[in-house]
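Visitor: Okay, so here is data_16.csv, and as you'll see once you scroll down, it has CSV, C-alpha atoms.
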chain,number,residue,atom,x,y,z
A,1,MET,CA,-56.9,-25.6,178.8
A,2,CYS,CA,-55.9,-27.8,181.6
A,3,ARG,CA,-55.9,-30.9,179.3
A,4,ARG,CA,-53.7,-29.1,176.8
A,5,ARG,CA,-51.2,-28.2,179.5
A,6,ARG,CA,-51.1,-31.8,180.7
A,7,LEU,CA,-50.5,-33.3,177.1
A,8,LEU,CA,-47.7,-30.9,176.1
A,9,PRO,CA,-45.0,-32.5,178.3
A,10,VAL,CA,-46.0,-35.9,177.0
A,11,GLY,CA,-45.4,-34.8,173.4
A,12,ARG,CA,-42.0,-33.5,174.3
A,13,VAL,CA,-41.1,-36.8,176.0
A,14,LYS,CA,-42.1,-38.8,172.8
A,15,LEU,CA,-40.1,-36.4,170.7
A,16,LEU,CA,-37.0,-36.9,172.9
A,17,CYS,CA,-37.5,-40.7,172.9
A,18,SER,CA,-37.7,-40.7,169.1
A,19,LEU,CA,-34.5,-38.6,168.8
A,20,TYR,CA,-32.8,-40.9,171.3
A,21,CYS,CA,-33.7,-44.1,169.4
A,22,SER,CA,-32.6,-42.5,166.1
A,23,LEU,CA,-29.2,-41.6,167.6
A,24,TRP,CA,-28.7,-45.2,168.9
A,25,PHE,CA,-29.6,-46.6,165.5
A,26,LEU,CA,-27.1,-44.4,163.8
A,27,LEU,CA,-24.4,-45.4,166.3
A,28,LEU,CA,-25.1,-49.1,165.8
A,29,LEU,CA,-25.1,-48.7,162.0
A,30,GLY,CA,-21.7,-46.9,162.1
A,31,ALA,CA,-20.2,-49.5,164.4
A,32,GLY,CA,-21.4,-52.3,162.1
A,33,SER,CA,-20.0,-50.5,159.0
A,34,LEU,CA,-16.6,-50.2,160.8
A,35,LEU,CA,-16.5,-53.9,161.6
A,36,ILE,CA,-17.2,-54.8,158.0
A,37,LEU,CA,-14.4,-52.5,156.8
A,38,LEU,CA,-12.0,-54.0,159.3
A,39,HIS,CA,-12.7,-57.5,158.1
A,40,LEU,CA,-12.9,-56.7,154.4
A,41,PRO,CA,-9.3,-57.9,153.5
A,42,ASP,CA,-10.0,-61.2,155.2
A,43,ILE,CA,-13.3,-61.6,153.2
A,44,ALA,CA,-11.4,-60.7,150.0
A,45,ILE,CA,-8.8,-63.3,150.7
A,46,MET,CA,-11.4,-66.0,151.4
A,47,VAL,CA,-13.2,-65.1,148.1
A,48,GLN,CA,-9.9,-65.3,146.1
A,49,GLN,CA,-9.1,-68.7,147.6
A,50,GLN,CA,-12.6,-70.1,146.9
A,51,THR,CA,-13.4,-68.5,143.6
A,52,PRO,CA,-11.9,-70.0,140.4
A,53,GLY,CA,-10.5,-67.6,137.9
A,54,THR,CA,-9.4,-64.9,140.4
A,55,ASN,CA,-6.2,-63.0,139.9
A,56,SER,CA,-4.2,-64.4,142.8
A,57,VAL,CA,-3.5,-67.8,144.4
A,58,VAL,CA,-2.4,-68.9,147.8
A,59,ALA,CA,0.3,-71.5,147.3
A,60,PRO,CA,1.8,-73.5,150.2
A,61,SER,CA,4.9,-71.3,150.5
A,62,TRP,CA,5.0,-68.8,147.7
A,63,PRO,CA,1.5,-67.3,146.9
A,64,VAL,CA,1.4,-65.5,143.6
A,65,GLU,CA,-0.8,-62.4,143.0
A,66,LYS,CA,-1.8,-60.8,139.8
A,67,ASP,CA,0.9,-58.7,138.2
A,68,PHE,CA,-0.7,-55.4,137.3
A,69,ASP,CA,2.2,-54.5,135.0
A,70,THR,CA,3.2,-57.7,133.1
A,71,GLY,CA,5.0,-55.8,130.3
A,72,HIS,CA,8.8,-55.9,130.2
A,73,PRO,CA,10.7,-52.8,129.1
A,74,ALA,CA,12.9,-52.8,126.1
A,75,GLU,CA,16.5,-53.9,125.9
A,76,GLY,CA,17.7,-52.2,129.0
A,77,ASP,CA,14.8,-53.3,131.2
A,78,VAL,CA,14.2,-49.8,132.4
A,79,ASP,CA,12.1,-49.5,135.6
A,80,ARG,CA,11.1,-45.9,136.1
A,81,SER,CA,9.2,-46.7,139.3
A,82,TYR,CA,12.3,-47.9,141.2
A,83,ASP,CA,13.1,-45.9,144.3
A,84,PRO,CA,16.7,-46.3,145.7
A,85,PRO,CA,16.6,-47.8,149.2
A,86,GLN,CA,17.8,-45.7,152.1
A,87,ARG,CA,19.7,-47.1,155.1
A,88,LEU,CA,17.3,-49.3,157.0
A,89,GLU,CA,17.6,-47.4,160.2
A,90,ASN,CA,16.4,-44.3,158.5
A,91,ARG,CA,13.7,-45.8,156.4
A,92,ALA,CA,10.5,-46.7,158.3
A,93,SER,CA,8.6,-48.1,155.3
A,94,TYR,CA,11.3,-50.4,153.8
A,95,PRO,CA,9.7,-53.3,152.0
A,96,THR,CA,9.1,-56.3,154.3
A,97,LEU,CA,10.8,-59.6,153.8
A,98,ARG,CA,10.1,-63.2,154.6
A,99,PRO,CA,10.9,-64.6,158.1
A,100,PRO,CA,13.8,-66.9,158.7
A,101,LEU,CA,14.4,-69.4,155.8
A,102,PRO,CA,15.3,-73.0,156.2
A,103,LEU,CA,18.8,-74.2,155.4
A,104,THR,CA,17.6,-76.9,153.1
A,105,GLN,CA,14.6,-77.5,150.9
A,106,GLU,CA,12.9,-80.8,151.4
A,107,PRO,CA,10.8,-82.6,148.8
A,108,SER,CA,7.1,-81.8,149.0
A,109,ASN,CA,6.1,-85.5,149.4
A,110,ALA,CA,9.3,-86.9,151.0
A,111,SER,CA,7.5,-89.7,152.8
A,112,THR,CA,5.7,-91.2,149.8
A,113,ALA,CA,7.9,-90.2,146.9
A,114,SER,CA,9.2,-93.2,144.9
A,115,HIS,CA,12.9,-93.7,144.0
A,116,GLU,CA,12.1,-92.9,140.4
A,117,ASP,CA,10.5,-89.6,141.4
A,118,GLN,CA,13.4,-88.7,143.6
A,119,ALA,CA,15.8,-89.4,140.7
A,120,SER,CA,13.8,-87.2,138.3
A,121,ARG,CA,13.9,-84.3,140.7
A,122,PRO,CA,17.6,-83.3,141.2
A,123,ARG,CA,18.1,-81.5,144.4
A,124,LEU,CA,20.8,-79.9,146.5
A,125,ARG,CA,21.5,-82.0,149.5
A,126,LEU,CA,24.6,-80.1,150.5
A,127,LEU,CA,24.1,-80.3,154.3
A,128,GLU,CA,22.9,-83.9,154.7
A,129,ASP,CA,26.3,-85.6,154.8
A,130,LEU,CA,29.2,-83.2,155.0
A,131,SER,CA,31.5,-85.9,156.3
A,132,ASP,CA,31.3,-87.8,152.9
A,133,ALA,CA,31.5,-84.7,150.7
A,134,GLY,CA,34.9,-84.2,149.1
A,135,GLY,CA,36.3,-87.4,150.4
A,136,GLY,CA,36.8,-86.5,154.1
A,137,ALA,CA,37.1,-83.7,156.5
A,138,GLY,CA,38.3,-80.5,154.9
A,139,GLY,CA,37.6,-81.7,151.4
A,140,PRO,CA,36.8,-79.0,148.7
A,141,HIS,CA,33.2,-80.1,148.4
A,142,GLN,CA,32.8,-80.0,152.1
A,143,LYS,CA,34.1,-76.5,152.3
A,144,LEU,CA,31.8,-75.3,149.5
A,145,ALA,CA,28.8,-77.0,151.2
A,146,LEU,CA,29.7,-75.4,154.5
A,147,ALA,CA,30.0,-72.0,152.7
A,148,GLN,CA,26.5,-72.4,151.4
A,149,ALA,CA,25.1,-73.2,154.9
A,150,ILE,CA,26.8,-70.0,156.2
A,151,ARG,CA,25.4,-67.9,153.4
A,152,ARG,CA,21.9,-69.1,153.8
A,153,HIS,CA,22.2,-68.5,157.5
A,154,GLN,CA,23.4,-65.0,156.9
A,155,LEU,CA,20.6,-64.3,154.5
A,156,ARG,CA,17.8,-65.6,156.7
A,157,LYS,CA,19.3,-63.8,159.7
A,158,THR,CA,19.3,-60.5,157.8
A,159,CYS,CA,15.7,-61.1,156.6
A,160,ALA,CA,14.5,-61.9,160.0
A,161,LYS,CA,16.1,-58.8,161.5
A,162,TYR,CA,15.1,-56.2,159.0
A,163,GLN,CA,11.9,-57.4,157.4
A,164,PRO,CA,10.3,-60.1,159.6
A,165,SER,CA,6.5,-59.7,158.9
A,166,VAL,CA,5.7,-61.4,155.6
A,167,ALA,CA,4.2,-64.8,156.8
A,168,ASN,CA,1.6,-65.1,154.0
A,169,ARG,CA,2.6,-62.3,151.7
A,170,LEU,CA,1.5,-62.6,148.1
A,171,LEU,CA,4.2,-62.7,145.5
A,172,SER,CA,3.7,-60.7,142.3
A,173,ARG,CA,4.7,-61.8,138.8
A,174,ARG,CA,7.1,-58.9,138.6
A,175,GLN,CA,9.0,-60.2,141.6
A,176,VAL,CA,9.9,-63.4,139.6
A,177,SER,CA,10.3,-61.7,136.2
A,178,ARG,CA,14.1,-62.2,136.4
A,179,VAL,CA,13.9,-65.9,137.2
A,180,TYR,CA,14.6,-68.3,134.3
A,181,VAL,CA,13.3,-71.8,134.2
A,182,GLU,CA,15.2,-74.9,133.0
A,183,GLU,CA,12.6,-77.7,133.0
A,184,ARG,CA,14.7,-80.8,132.3
A,185,SER,CA,17.0,-80.1,135.3
A,186,ARG,CA,14.2,-78.5,137.3
A,187,LEU,CA,16.3,-75.3,137.9
A,188,LEU,CA,15.3,-71.7,138.6
A,189,TYR,CA,18.0,-69.2,138.0
A,190,CYS,CA,17.7,-65.5,138.9
A,191,GLU,CA,19.9,-63.6,136.6
A,192,VAL,CA,22.2,-60.9,138.1
A,193,PRO,CA,23.8,-58.9,135.3
A,194,LYS,CA,27.5,-58.5,135.6
A,195,ALA,CA,27.7,-61.6,137.8
A,196,GLY,CA,28.2,-64.2,135.1
A,197,CYS,CA,24.6,-64.2,133.8
A,198,SER,CA,25.5,-64.6,130.1
A,199,ASN,CA,27.5,-67.8,130.7
A,200,TRP,CA,24.8,-69.1,133.1
A,201,LYS,CA,22.2,-68.7,130.3
A,202,ARG,CA,24.5,-70.7,128.0
A,203,VAL,CA,24.7,-73.5,130.6
A,204,LEU,CA,21.0,-73.6,131.0
A,205,MET,CA,20.5,-73.8,127.2
A,206,VAL,CA,22.9,-76.8,127.1
A,207,LEU,CA,21.0,-78.4,130.0
A,208,GLY,CA,17.7,-77.8,128.1
A,209,GLY,CA,19.0,-79.4,124.9
A,210,SER,CA,19.0,-76.3,122.7
A,211,ALA,CA,22.8,-76.3,122.4
A,212,VAL,CA,25.6,-78.8,122.6
A,213,SER,CA,28.3,-76.7,124.2
A,214,PRO,CA,28.3,-73.2,125.9
A,215,GLY,CA,31.1,-72.2,123.6
A,216,ASP,CA,28.8,-72.6,120.5
A,217,ILE,CA,26.4,-69.9,121.8
A,218,PRO,CA,27.1,-66.2,120.8
A,219,HIS,CA,26.4,-63.4,123.2
A,220,GLU,CA,23.3,-62.2,121.4
A,221,ALA,CA,21.9,-65.7,121.2
A,222,ALA,CA,22.4,-66.2,124.9
A,223,HIS,CA,20.4,-63.1,125.7
A,224,ASN,CA,17.9,-62.6,122.9
A,225,ALA,CA,17.3,-66.1,121.4
A,226,ASN,CA,18.0,-68.3,124.3
A,227,SER,CA,14.6,-70.2,124.2
A,228,LEU,CA,14.6,-70.0,128.0
A,229,ARG,CA,11.3,-69.2,129.7
A,230,ARG,CA,10.9,-66.7,132.5
A,231,LEU,CA,8.9,-67.8,135.5
A,232,ASP,CA,6.4,-64.9,135.2
A,233,GLY,CA,5.4,-66.5,131.8
A,234,TYR,CA,3.7,-69.4,133.6
A,235,ASP,CA,0.2,-69.4,135.1
A,236,ARG,CA,-0.3,-69.0,138.8
A,237,ALA,CA,-0.4,-72.6,139.8
A,238,ALA,CA,2.6,-73.5,137.7
A,239,ILE,CA,4.6,-70.6,139.3
A,240,ALA,CA,3.7,-71.8,142.8
A,241,LYS,CA,4.6,-75.5,141.9
A,242,ARG,CA,8.0,-74.6,140.5
A,243,LEU,CA,8.9,-72.3,143.3
A,244,HIS,CA,8.1,-75.2,145.7
A,245,ASP,CA,9.7,-78.1,143.8
A,246,TYR,CA,12.6,-76.7,141.8
A,247,THR,CA,16.2,-75.9,142.9
A,248,LYS,CA,16.6,-72.1,143.0
A,249,PHE,CA,20.0,-70.4,142.7
A,250,LEU,CA,21.7,-67.1,142.0
A,251,PHE,CA,25.2,-65.7,141.8
A,252,VAL,CA,26.0,-62.4,143.4
A,253,ARG,CA,29.0,-60.0,143.1
A,254,GLU,CA,30.6,-57.3,145.3
A,255,PRO,CA,28.2,-54.4,144.8
A,256,PHE,CA,30.8,-51.6,144.1
A,257,GLU,CA,32.6,-53.9,141.7
A,258,ARG,CA,29.4,-54.9,139.9
A,259,LEU,CA,28.5,-51.2,139.5
A,260,VAL,CA,31.9,-50.3,138.0
A,261,SER,CA,31.7,-53.3,135.7
A,262,ALA,CA,28.3,-52.1,134.5
A,263,PHE,CA,29.5,-48.6,134.0
A,264,ARG,CA,32.5,-49.7,132.0
A,265,ASP,CA,30.5,-52.0,129.8
A,266,LYS,CA,27.6,-49.7,129.0
A,267,PHE,CA,29.2,-46.2,128.9
A,268,GLU,CA,32.9,-46.6,128.2
A,269,SER,CA,32.4,-48.9,125.2
A,270,PRO,CA,30.3,-48.2,122.1
A,271,ASN,CA,26.6,-49.1,122.8
A,272,SER,CA,23.7,-48.2,120.5
A,273,TYR,CA,21.2,-48.6,123.4
A,274,TYR,CA,22.7,-47.2,126.6
A,275,HIS,CA,24.3,-44.1,125.1
A,276,PRO,CA,21.1,-42.6,123.6
A,277,VAL,CA,18.7,-43.9,126.2
A,278,PHE,CA,20.7,-43.3,129.4
A,279,GLY,CA,23.7,-41.2,128.2
A,280,ARG,CA,21.7,-38.3,126.7
A,281,PRO,CA,19.5,-37.5,129.7
A,282,ILE,CA,22.4,-38.0,132.1
A,283,ILE,CA,24.6,-35.6,130.3
A,284,SER,CA,21.7,-33.2,129.8
A,285,LYS,CA,20.9,-33.0,133.5
A,286,TYR,CA,24.3,-33.4,135.2
A,287,ARG,CA,26.8,-31.8,132.9
A,288,ALA,CA,27.1,-28.0,132.8
A,289,ASN,CA,27.8,-26.5,129.3
A,290,ALA,CA,27.5,-29.9,127.6
A,291,SER,CA,28.6,-29.9,123.9
A,292,ARG,CA,26.0,-30.4,121.2
A,293,SER,CA,27.8,-33.6,120.2
A,294,ALA,CA,27.5,-35.1,123.7
A,295,LEU,CA,23.9,-34.1,124.0
A,296,ARG,CA,23.2,-35.7,120.6
A,297,THR,CA,25.1,-39.0,121.0
A,298,GLY,CA,25.0,-39.5,124.8
A,299,ALA,CA,28.6,-40.8,124.6
A,300,GLY,CA,31.3,-39.9,127.2
A,301,VAL,CA,29.3,-40.1,130.5
A,302,THR,CA,31.7,-39.8,133.4
A,303,PHE,CA,31.6,-42.0,136.4
A,304,ARG,CA,30.7,-39.1,138.7
A,305,GLU,CA,27.8,-38.2,136.3
A,306,PHE,CA,26.7,-41.8,136.4
A,307,VAL,CA,26.8,-41.8,140.2
A,308,GLN,CA,24.8,-38.5,140.3
A,309,TYR,CA,22.1,-40.2,138.2
A,310,LEU,CA,22.1,-43.3,140.3
A,311,LEU,CA,21.6,-41.4,143.6
A,312,ASP,CA,19.0,-38.9,142.2
A,313,VAL,CA,15.5,-39.7,143.5
A,314,HIS,CA,14.2,-37.7,140.5
A,315,ARG,CA,16.6,-39.3,138.0
A,316,PRO,CA,15.9,-38.4,134.3
A,317,VAL,CA,15.7,-42.0,133.2
A,318,GLY,CA,14.6,-45.1,135.2
A,319,MET,CA,16.5,-47.9,136.9
A,320,ASP,CA,18.2,-50.7,134.9
A,321,ILE,CA,18.8,-54.3,135.9
A,322,HIS,CA,22.6,-54.0,135.4
A,323,TRP,CA,23.0,-51.8,138.5
A,324,GLU,CA,19.7,-52.5,140.4
A,325,PRO,CA,20.5,-54.0,143.8
A,326,VAL,CA,20.2,-57.8,144.0
A,327,SER,CA,17.9,-57.4,147.0
A,328,GLN,CA,15.4,-55.8,144.7
A,329,LEU,CA,16.2,-57.7,141.5
A,330,CYS,CA,15.9,-61.3,142.9
A,331,ASN,CA,14.0,-60.8,146.1
A,332,PRO,CA,16.2,-63.2,148.1
A,333,CYS,CA,14.1,-63.0,151.2
A,334,LEU,CA,10.9,-63.9,149.4
A,335,LEU,CA,12.3,-66.7,147.3
A,336,ARG,CA,14.0,-69.6,149.2
A,337,TYR,CA,17.2,-69.9,147.2
A,338,ASN,CA,18.9,-73.2,147.7
A,339,PHE,CA,22.3,-72.0,146.4
A,340,ILE,CA,23.9,-68.6,146.7
A,341,GLY,CA,27.0,-68.4,144.6
A,342,LYS,CA,29.6,-65.7,144.5
A,343,PHE,CA,31.2,-64.3,141.3
A,344,GLU,CA,34.5,-64.0,143.1
A,345,ASN,CA,34.8,-67.8,143.1
A,346,MET,CA,32.6,-68.4,140.1
A,347,GLU,CA,34.2,-71.3,138.3
A,348,GLU,CA,34.7,-73.5,141.4
A,349,GLU,CA,31.2,-72.8,142.9
A,350,ALA,CA,29.4,-73.1,139.5
A,351,ASN,CA,30.9,-76.5,138.8
A,352,PHE,CA,30.2,-77.6,142.3
A,353,LEU,CA,26.5,-76.7,141.7
A,354,LEU,CA,26.5,-78.5,138.4
A,355,ARG,CA,27.9,-81.7,139.9
A,356,SER,CA,25.6,-81.5,142.9
A,357,MET,CA,22.4,-81.3,140.7
A,358,GLY,CA,23.5,-84.1,138.4
A,359,ALA,CA,24.6,-82.3,135.3
A,360,PRO,CA,26.5,-84.2,132.5
A,361,GLY,CA,30.1,-84.8,133.4
A,362,ASN,CA,31.3,-83.1,130.3
A,363,LEU,CA,29.5,-79.9,131.1
A,364,SER,CA,31.5,-77.3,133.0
A,365,PHE,CA,31.0,-73.6,133.5
A,366,PRO,CA,32.6,-71.5,130.8
A,367,HIS,CA,35.0,-68.7,131.8
A,368,PHE,CA,35.4,-66.8,128.6
A,369,LYS,CA,34.6,-63.1,128.2
A,370,ASP,CA,32.8,-62.4,124.9
A,371,ARG,CA,31.9,-58.7,125.4
A,372,ASN,CA,34.9,-56.3,125.1
A,373,PRO,CA,37.3,-59.3,125.3
A,374,LEU,CA,40.3,-57.1,125.0
A,375,ALA,CA,39.4,-55.0,128.0
A,376,GLU,CA,40.7,-56.0,131.4
A,377,ARG,CA,38.1,-57.6,133.7
A,378,THR,CA,36.8,-55.3,136.4
A,379,SER,CA,38.7,-56.2,139.5
A,380,SER,CA,38.9,-54.9,143.1
A,381,ARG,CA,41.9,-52.8,142.0
A,382,ILE,CA,40.1,-51.2,139.1
A,383,THR,CA,37.0,-50.6,141.3
A,384,GLN,CA,39.1,-48.8,143.9
A,385,SER,CA,40.5,-46.6,141.2
A,386,TYR,CA,37.0,-45.5,140.0
A,387,PHE,CA,35.8,-44.8,143.5
A,388,ALA,CA,38.9,-42.9,144.3
A,389,LYS,CA,37.5,-40.2,141.9
A,390,LEU,CA,34.6,-39.7,144.3
A,391,ASN,CA,34.5,-37.9,147.7
A,392,SER,CA,33.7,-39.7,150.9
A,393,ILE,CA,30.1,-38.4,150.9
A,394,GLU,CA,29.4,-39.9,147.4
A,395,ARG,CA,31.0,-43.2,148.4
A,396,GLN,CA,28.8,-43.3,151.5
A,397,LYS,CA,25.7,-42.6,149.6
A,398,ILE,CA,26.4,-45.5,147.1
A,399,TYR,CA,27.1,-47.8,150.0
A,400,ASP,CA,23.7,-46.8,151.5
A,401,PHE,CA,22.2,-47.6,148.1
A,402,TYR,CA,23.6,-51.1,148.1
A,403,TYR,CA,23.4,-51.5,151.9
A,404,MET,CA,21.0,-54.5,151.9
A,405,ASP,CA,23.2,-56.3,149.4
A,406,TYR,CA,26.2,-55.9,151.6
A,407,LEU,CA,24.2,-57.2,154.6
A,408,MET,CA,22.5,-60.1,152.9
A,409,PHE,CA,25.6,-61.5,151.2
A,410,ASN,CA,28.1,-60.6,153.8
A,411,TYR,CA,30.5,-58.5,151.8
A,412,PRO,CA,32.9,-56.4,153.8
A,413,LYS,CA,32.9,-52.6,153.6
A,414,PRO,CA,35.1,-51.6,150.5
A,415,PHE,CA,36.3,-48.4,152.2
A,416,LYS,CA,37.3,-47.9,155.8
A,417,ASP,CA,35.5,-44.6,156.2
A,418,LEU,CA,32.1,-46.1,155.4
A,419,HIS,CA,29.6,-46.6,158.2
Could the structure of this file be written out as structure tokens, please?
Guide:
Amino acid sequence: MCRRRRLLPVGRVKLLCSLYCSLWFLLLLGAGSLLILLHLPDIAIMVQQQTPGTNSVVAPSWPVEKDFDTGHPAEGDVDRSYDPPQRLENRASYPTLRPPLPLTQEPSNASTASHEDQASRPRLRLLEDLSDAGGGAGGPHQKLALAQAIRRHQLRKTCAKYQPSVANRLLSRRQVSRVYVEERSRLLYCEVPKAGCSNWKRVLMVLGGSAVSPGDIPHEAAHNANSLRRLDGYDRAAIAKRLHDYTKFLFVREPFERLVSAFRDKFESPNSYYHPVFGRPIISKYRANASRSALRTGAGVTFREFVQYLLDVHRPVGMDIHWEPVSQLCNPCLLRYNFIGKFENMEEEANFLLRSMGAPGNLSFPHFKDRNPLAERTSSRITQSYFAKLNSIERQKIYDFYYMDYLMFNYPKPFKDLH
């Protein structure tokens, strides 16, 4: 009896020790698992960099990741996943952008490149010798080159302020899906609809040798049979190389004016695509007591109905490239554009770009209007008349929708009551 009383406490001690050790083991196991989870992204990146045949690549400046949706929508390029951006101060999760961008792009092997290689790679060197550009101080070329420096500075300042944390961000194929490649001149052009993109495609076709003159290319051929390749059609290494080596450019337009131009073109003129695909659902959702004819054809969408669709988070049909913000369409903070042209001074700036990159002397930018040629071009006056039909709240919401475009490209507020 005495022996049993002495052994009982010892058994309890052993049991407590066993439980204590088991608890410590579980704690250590949990801590180790947590560390593995924390470092899992870094391990995944290392594996992608070291394993051939993976779906992403880390390039020197523009890594490219696998595009999980490589298909392109039909004629209108409808994107149902697009979410209209809110004002940045009210949107905590706005997409991040690249940190400050350099004013000029230098050749990747500047110290060892031969003269022949330099000549075969036309580049914009708009800031290297402004004193010689345009034949002296105040020359037209010097002013245009200075304007480019100011625009790039404004863009990188906006990117650094609002979206600064993208040091090694991977770039998806979808983010370069609107970029066209012209191999002979080593150009990358991001098309911005309603900002001269039809004529720019004509110029690229001439530069590529598939046409003699821009005037010989019909509108449909420029868009549907242009033989131009999009950047997302290349493999990962080729995308990264072209983003690094080629001259990248885009032309932008005052956002309200671009929106009105798109509305007039797609909804006020006969259109076998936009009326049924966009017009029908817009009229069905936003027009009370719509007629059977309007519901059947989709014709006759009003500007206010179009604006209601644009601002609706639950819009009945997806976003379209003709009114998608340039900040989303061309990703100007992720791609280091060498040249930022403006539609408002299209002819002069386009020809300046062509001369700067060594285009043939007989090639100039066309200024003809081949769609609805009898209709007056959308101007600031016409834009004001359309927006006058809206109230101040609607105008403010549209301004918020294009807020990043106004900031990036330094366009003034089109109405005094906007904030």
Visitor: May I have the protein, DNA and RNA residues with any atom at most 10 Å from the point (33.4, -52.4, 141.7), counting all atoms listed in the file, written as a ChimeraX atom specification?
Guide: /A:253-263,378-387,414
Visitor: How would you write as a list of chain:residue names the residues that get within 6 Å of (14.8, -74.1, 147.9) in the file's frame, counting all atoms listed in the file?
Guide: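 Nearby residues: A:Gln105, A:Thr247, A:Lys248, A:Arg336, A:Tyr337, A:Asn338.
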Visitor: Expressed in Å to a single decimal, how great is the separation between atom CA of Lys416 of chain A and atom CA of Tyr399 of chain A?
Guide: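 We find that atom CA of Lys416 of chain A and atom CA of Tyr399 of chain A lie 11.7 Å from each other.
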Visitor: What separation in Å, quoted to one decimal, exists between atom CA of Lys266 of chain A and atom CA of Val252 of chain A?
Guide: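 So the answer is 19.3 Å.
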Visitor: From the options A:Leu311, A:His275, A:Cys330, A:Ala388, which residue's atoms come nearest to Asp400 of chain A, counting all atoms listed in the file?
Guide: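 Closest to Asp400 of chain A, using all atoms listed in the file: A:Leu311.
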Visitor: Which neighbours of Glu268 of chain A fall inside 9 Å, counting only C-alpha atoms, when residues of the same chain fewer than 2 positions from it are skipped, and could you give them as a PyMOL selection string?
Guide: chain A and resi 263-266+270-271+299-302
Visitor: Given all atoms listed in the file as the basis, pick out the residue of A:Leu146, A:Ala350, A:Leu187, A:Val326 nearest to Leu407 of chain A.
Guide: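 So, comparing all the options, the nearest one is A:Val326.
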Visitor: Which residue gives the smallest distance to Pro218 of chain A among A:Leu29, A:Val179, A:Arg371, A:Gln328, with only C-alpha atoms counted?
Guide: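 For Pro218 of chain A, the nearest of the given residues is A:Arg371.
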Visitor: My list of candidates is A:Thr158, A:Gln163, A:Ser227, A:Asn391. Which is closest to Val307 of chain A when distances are computed with only C-alpha atoms?
Guide: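 Using only C-alpha atoms, Val307 of chain A sits closest to A:Asn391.
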Visitor: For a test of reading the model, state the distance in Å between atom CA of Pro316 of chain A and atom CA of Ser284 of chain A, rounded to one decimal.
Guide: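 About the pair atom CA of Pro316 of chain A and atom CA of Ser284 of chain A: they are 9.0 Å apart.
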Visitor: Report as a list in words all protein, DNA and RNA residues lying within 9 Å of Gly215 of chain A, evaluated on all atoms listed in the file, omitting residues in the same chain fewer than 2 positions from it.
Guide: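 Residues meeting the cut-off are Arg202, Val212, Ser213, Ile217, Pro218, Pro366 and Phe368 of chain A.
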Visitor: Let me see the file: selected residues, C-alpha atoms, as an mmCIF file, keeping the file's coordinate frame.
Guide:
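Below you can see part01.cif, which holds the result:
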data_model
loop_
_atom_site.group_PDB
_atom_site.id
_atom_site.type_symbol
_atom_site.label_atom_id
_atom_site.label_comp_id
_atom_site.auth_asym_id
_atom_site.auth_seq_id
_atom_site.Cartn_x
_atom_site.Cartn_y
_atom_site.Cartn_z
ATOM 1 C CA ARG A 202 24.500 -70.700 128.000
ATOM 2 C CA VAL A 212 25.600 -78.800 122.600
ATOM 3 C CA SER A 213 28.300 -76.700 124.200
ATOM 4 C CA ILE A 217 26.400 -69.900 121.800
ATOM 5 C CA PRO A 218 27.100 -66.200 120.800
ATOM 6 C CA PRO A 366 32.600 -71.500 130.800
ATOM 7 C CA PHE A 368 35.400 -66.800 128.600
#
Visitor: Which residue out of A:Ala238, A:Leu144, A:Leu155, A:Leu204 has the minimum interatomic distance to Met346 of chain A when all atoms listed in the file are used?
Guide: A:Leu144
Visitor: So, with only C-alpha atoms as the atoms that count, which of A:Cys333, A:Ile282, A:Phe409, A:Val181 lies closest to Pro164 of chain A?
Guide: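 For Pro164 of chain A, the nearest of the given residues is A:Cys333.
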Visitor: Pick out the residues sitting within 8 Å of Thr297 of chain A, and hand them over as a list in words; count all atoms listed in the file, and ignore anything fewer than 5 positions along from it in its own chain.
Guide: His275, Pro276, Gly279 and Arg280 of chain A
Visitor: Taking 3 positions as the minimum chain separation for residues in the same chain, which residues sit within 12 Å of Ser185 of chain A when counting all atoms listed in the file? Answer as a PyMOL selection string.
Guide: chain A and resi 119-124+181-182+188-189+203-209+242+245-248+353-360
Visitor: Please provide the set of residues having any atom within 10 Å of Leu390 of chain A, restricted to only C-alpha atoms, with same-chain residues fewer than 6 positions apart removed, written as a ChimeraX atom specification.
Guide: /A:303-304,307,396
